[in-house]
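Peer 1: Submitted below is the structure of interest, expressed as structure tokens.
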Amino acid sequence: MSEIVFKGKEYVYNHHLTVPYRPLEVDAAKGIGPADLGSNLVIHGDNLHALKSLLPRYAGQVDLVFIDPPYNTGNEGWCYNDNVNSPIMKEWLTTNPVDGEDMLRHDKWLCMMWPRLVLLRELLSEKGSIWITLDDNEVHRARMVLDEIFGDANFVTCIAWHKRISPANDAKLFSGDHDLILVYAKDISQWQPNRMEYEEAQLANFSNPDSDSRGLWNSSAYTCAKTADEHPNLYYPITNPNTGEEVWPSKSRVWAYEKKTHEKNAVEGLVWWGKDGTGKMPRIKKFLEGRKGVVPRDVWTHEFAGHNQESNMELTQIMGPDAFSTPKPIRLLERVLQFGSTPDSLILDSFAGSGTTAHAVLKANAKDGGHRKFILVEGEAYADKLTAERVRRAIKGYAWAGNQRETLLEEKITFTQFKKADEWLKKVEAIKAKEGFGAEESAQMEIGEPS
């Protein structure tokens, strides 16, 4: 397997081993609920030290890691501050903060990420996964680092998230309308993403025109994108039992099933020749009952997973204006949790920022009655006043202070319908549960720091 080479790699390759274990100390006055390191946590401190501090208790216990590290665009001014005991690394520290004029900024970014990714892998369970948001500045280097640390066989996908609803017309060349989410499994043989439930439009494709006792179904092509030269065993005639006509597939698109499998499909009544039985090509019946749902896709539109304008409005409603410059939308994290977590998962975010991950965990639990727990790590001074405060407000509830409204239920009310008040209240409660309103109050959270 190829490996990435960067300046300073030899000094940080095993740097995580030299980081001391530090006890986590709970500040009960800043938390909600009993002071318990086993509950939801917000940790204020350097994330490398925090991750090392979490190892004794949480090694192999984290089910999902989501991180939104510095994108290293050259405009962020982030600092490289790991105390690596080598002259070359110490010399680098004199050039902080890292910016667009720093000729070693990509090397420094890799040196910063390497030991953190190593520790995050140790914290992941064997069935866990890591999700990392980036843009084009470092994603190709991140892929190589992750291939080396996690193994290239454990690469799952690279999701393109459409983060803008309108183009950036001040861009010099192209408007950067998407970010990327790299997904790796700890062990891909033990990990599978959750599937989506069918939406109403998809369910509308199922029917039962032949009154099959197995219920609703739809049909798909009986052929596959293989040629007769590639798979000669899939190129054979099929007889329509209703007309006696012999049907051959195209040589450029042969049957999807071997002859014995087709015969089994026919016996089981899975071969569909159209409503009148005279179709020119067969189709395979796929029944709704027992299906696993819809497989997730690797392109997420802003309608599907939110956008940057939405995330800024969300944070403004909770924390007021100018709280944080680049928050992620709750819907983006909800999608990550939807596909990568279970109701009992432990979720870790070691670049917590504005605390969106925790807010999404609370909403996910409210929707499905789950018991997911979160651990956030933030090293900046705003960890208490912004990151933890957002979580506290999400748990306690906060006043809505925006002008962006979303209609969740709209119906004409007649006098007769007033008699169905109980039914309407049940509808409202169902919507509240689906949208994650009202159940955050059952959560608790502790805030502390490595001593």
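Residue numbering restarts at 1 for every chain of the structure tokens, chains are lettered A, B, ... in their displayed order, and ligands are numbered from 1 as they appear.
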Extract the full set of strand (DSSP E or B) residues from stretch 51-261 of chain A according to DSSP on the backbone, and format it as an MDAnalysis selection string.

Peer 2: chainID A and resid 62:67 124:134 155:162 178:185 196 207 217:221 223 238:239 246:247 250 253 255

Peer 1: Which residues are close to stretch 87-96 of chain A, i.e. within 12 Å by only C-alpha atoms, leaving aside same-chain residues fewer than 4 positions away? Reply as number ranges by chain.

Peer 2: A: 7-12, 15, 76-83, 100-105, 107-109, 111-112

Peer 1: Emit the selected residues as a short mmCIF file (atom, residue, chain, number, x, y, z; two decimals), in the first residue's frame, including N, CA, C and O atoms.

Peer 2:
```cif
data_model
loop_
_atom_site.label_atom_id
_atom_site.label_comp_id
_atom_site.auth_asym_id
_atom_site.auth_seq_id
_atom_site.Cartn_x
_atom_site.Cartn_y
_atom_site.Cartn_z
N LYS A 7 6.58 16.54 5.66
CA LYS A 7 7.60 17.03 6.58
C LYS A 7 7.07 16.96 8.01
O LYS A 7 6.01 17.48 8.33
N GLY A 8 7.84 16.32 8.88
CA GLY A 8 7.46 16.19 10.27
C GLY A 8 6.78 14.88 10.60
O GLY A 8 6.52 14.59 11.77
N LYS A 9 6.51 14.03 9.60
CA LYS A 9 5.80 12.79 9.86
C LYS A 9 6.55 11.91 10.85
O LYS A 9 5.94 11.28 11.73
N GLU A 10 7.89 11.85 10.71
CA GLU A 10 8.66 10.98 11.59
C GLU A 10 8.56 11.42 13.05
O GLU A 10 8.75 10.60 13.96
N TYR A 11 8.25 12.70 13.29
CA TYR A 11 8.16 13.20 14.66
C TYR A 11 6.77 12.98 15.26
O TYR A 11 6.64 12.92 16.49
N VAL A 12 5.75 12.91 14.42
CA VAL A 12 4.39 12.76 14.95
C VAL A 12 3.85 11.34 14.79
O VAL A 12 2.77 11.05 15.28
N HIS A 15 3.61 10.19 18.15
CA HIS A 15 3.49 11.26 19.14
C HIS A 15 2.38 10.99 20.14
O HIS A 15 2.46 11.37 21.32
N GLU A 76 -7.93 30.80 7.73
CA GLU A 76 -8.49 30.48 9.05
C GLU A 76 -7.62 30.93 10.20
O GLU A 76 -8.12 31.21 11.28
N GLY A 77 -6.31 30.96 10.00
CA GLY A 77 -5.41 31.36 11.07
C GLY A 77 -5.39 30.38 12.23
O GLY A 77 -5.26 30.78 13.38
N TRP A 78 -5.55 29.07 11.96
CA TRP A 78 -5.52 28.09 13.04
C TRP A 78 -4.08 27.88 13.52
O TRP A 78 -3.13 28.17 12.81
N CYS A 79 -3.92 27.40 14.74
CA CYS A 79 -2.59 27.26 15.35
C CYS A 79 -2.17 25.80 15.45
O CYS A 79 -2.98 24.94 15.78
N TYR A 80 -0.90 25.56 15.16
CA TYR A 80 -0.32 24.25 15.42
C TYR A 80 0.39 24.36 16.76
O TYR A 80 1.35 25.09 16.92
N ASN A 81 -0.11 23.62 17.78
CA ASN A 81 0.43 23.82 19.12
C ASN A 81 0.79 22.53 19.84
O ASN A 81 0.90 22.51 21.06
N ASP A 82 0.94 21.42 19.11
CA ASP A 82 1.33 20.18 19.76
C ASP A 82 2.78 20.28 20.25
O ASP A 82 3.67 20.71 19.51
N ASN A 83 3.01 19.85 21.48
CA ASN A 83 4.33 19.96 22.09
C ASN A 83 5.19 18.76 21.70
O ASN A 83 5.44 17.86 22.50
N GLY A 100 -2.24 31.46 4.90
CA GLY A 100 -1.96 31.25 3.49
C GLY A 100 -0.53 31.53 3.08
O GLY A 100 -0.06 31.06 2.05
N GLU A 101 0.21 32.32 3.88
CA GLU A 101 1.59 32.63 3.56
C GLU A 101 2.56 31.59 4.10
O GLU A 101 3.75 31.64 3.83
N ASP A 102 2.05 30.65 4.89
CA ASP A 102 2.90 29.63 5.50
C ASP A 102 3.14 28.52 4.47
O ASP A 102 2.23 27.77 4.13
N MET A 103 4.36 28.39 3.99
CA MET A 103 4.68 27.42 2.95
C MET A 103 4.58 25.98 3.45
O MET A 103 4.56 25.04 2.66
N LEU A 104 4.54 25.80 4.76
CA LEU A 104 4.47 24.45 5.32
C LEU A 104 3.08 24.14 5.89
O LEU A 104 2.92 23.19 6.65
N ARG A 105 2.10 24.94 5.51
CA ARG A 105 0.80 24.79 6.17
C ARG A 105 0.16 23.43 5.92
O ARG A 105 -0.51 22.90 6.80
N ASP A 107 1.84 20.57 5.49
CA ASP A 107 2.57 19.64 6.34
C ASP A 107 2.12 19.77 7.80
O ASP A 107 1.96 18.77 8.51
N LYS A 108 1.92 21.01 8.24
CA LYS A 108 1.49 21.23 9.61
C LYS A 108 0.10 20.67 9.85
O LYS A 108 -0.19 20.11 10.92
N TRP A 109 -0.76 20.83 8.87
CA TRP A 109 -2.11 20.27 9.00
C TRP A 109 -2.05 18.76 9.15
O TRP A 109 -2.72 18.18 10.01
N CYS A 111 0.53 17.02 10.24
CA CYS A 111 1.13 16.72 11.54
C CYS A 111 0.11 16.89 12.67
O CYS A 111 0.13 16.14 13.66
N MET A 112 -0.76 17.87 12.55
CA MET A 112 -1.80 18.07 13.56
C MET A 112 -2.81 16.93 13.53
O MET A 112 -3.24 16.42 14.57
#
```

Peer 1: What's around A:Ile181 at 12 Å? Count only C-alpha atoms, leave out sequence neighbours fewer than 4 positions away in its own chain, and write the answer as an MDAnalysis selection string.

Peer 2: chainID A and resid 66:69 71 130:136 138:140 142:143 155:163 298:300 332:333 335:336

Peer 1: When DSSP is applied to the backbone of this structure, which of stretch 141-369 of chain A are assigned helix (DSSP H, G or I)? Write them out as a ChimeraX atom specification.

Peer 2: /A:141-150,152-154,188-190,200-203,232-234,259-267,302-305,308-319,330-340,356-368

Peer 1: Report, in Å to a single decimal, how far apart atom CA of A:Glu122 and atom CA of A:Asp63 are.

Peer 2: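 Here the two named atoms are 11.5 Å from each other.
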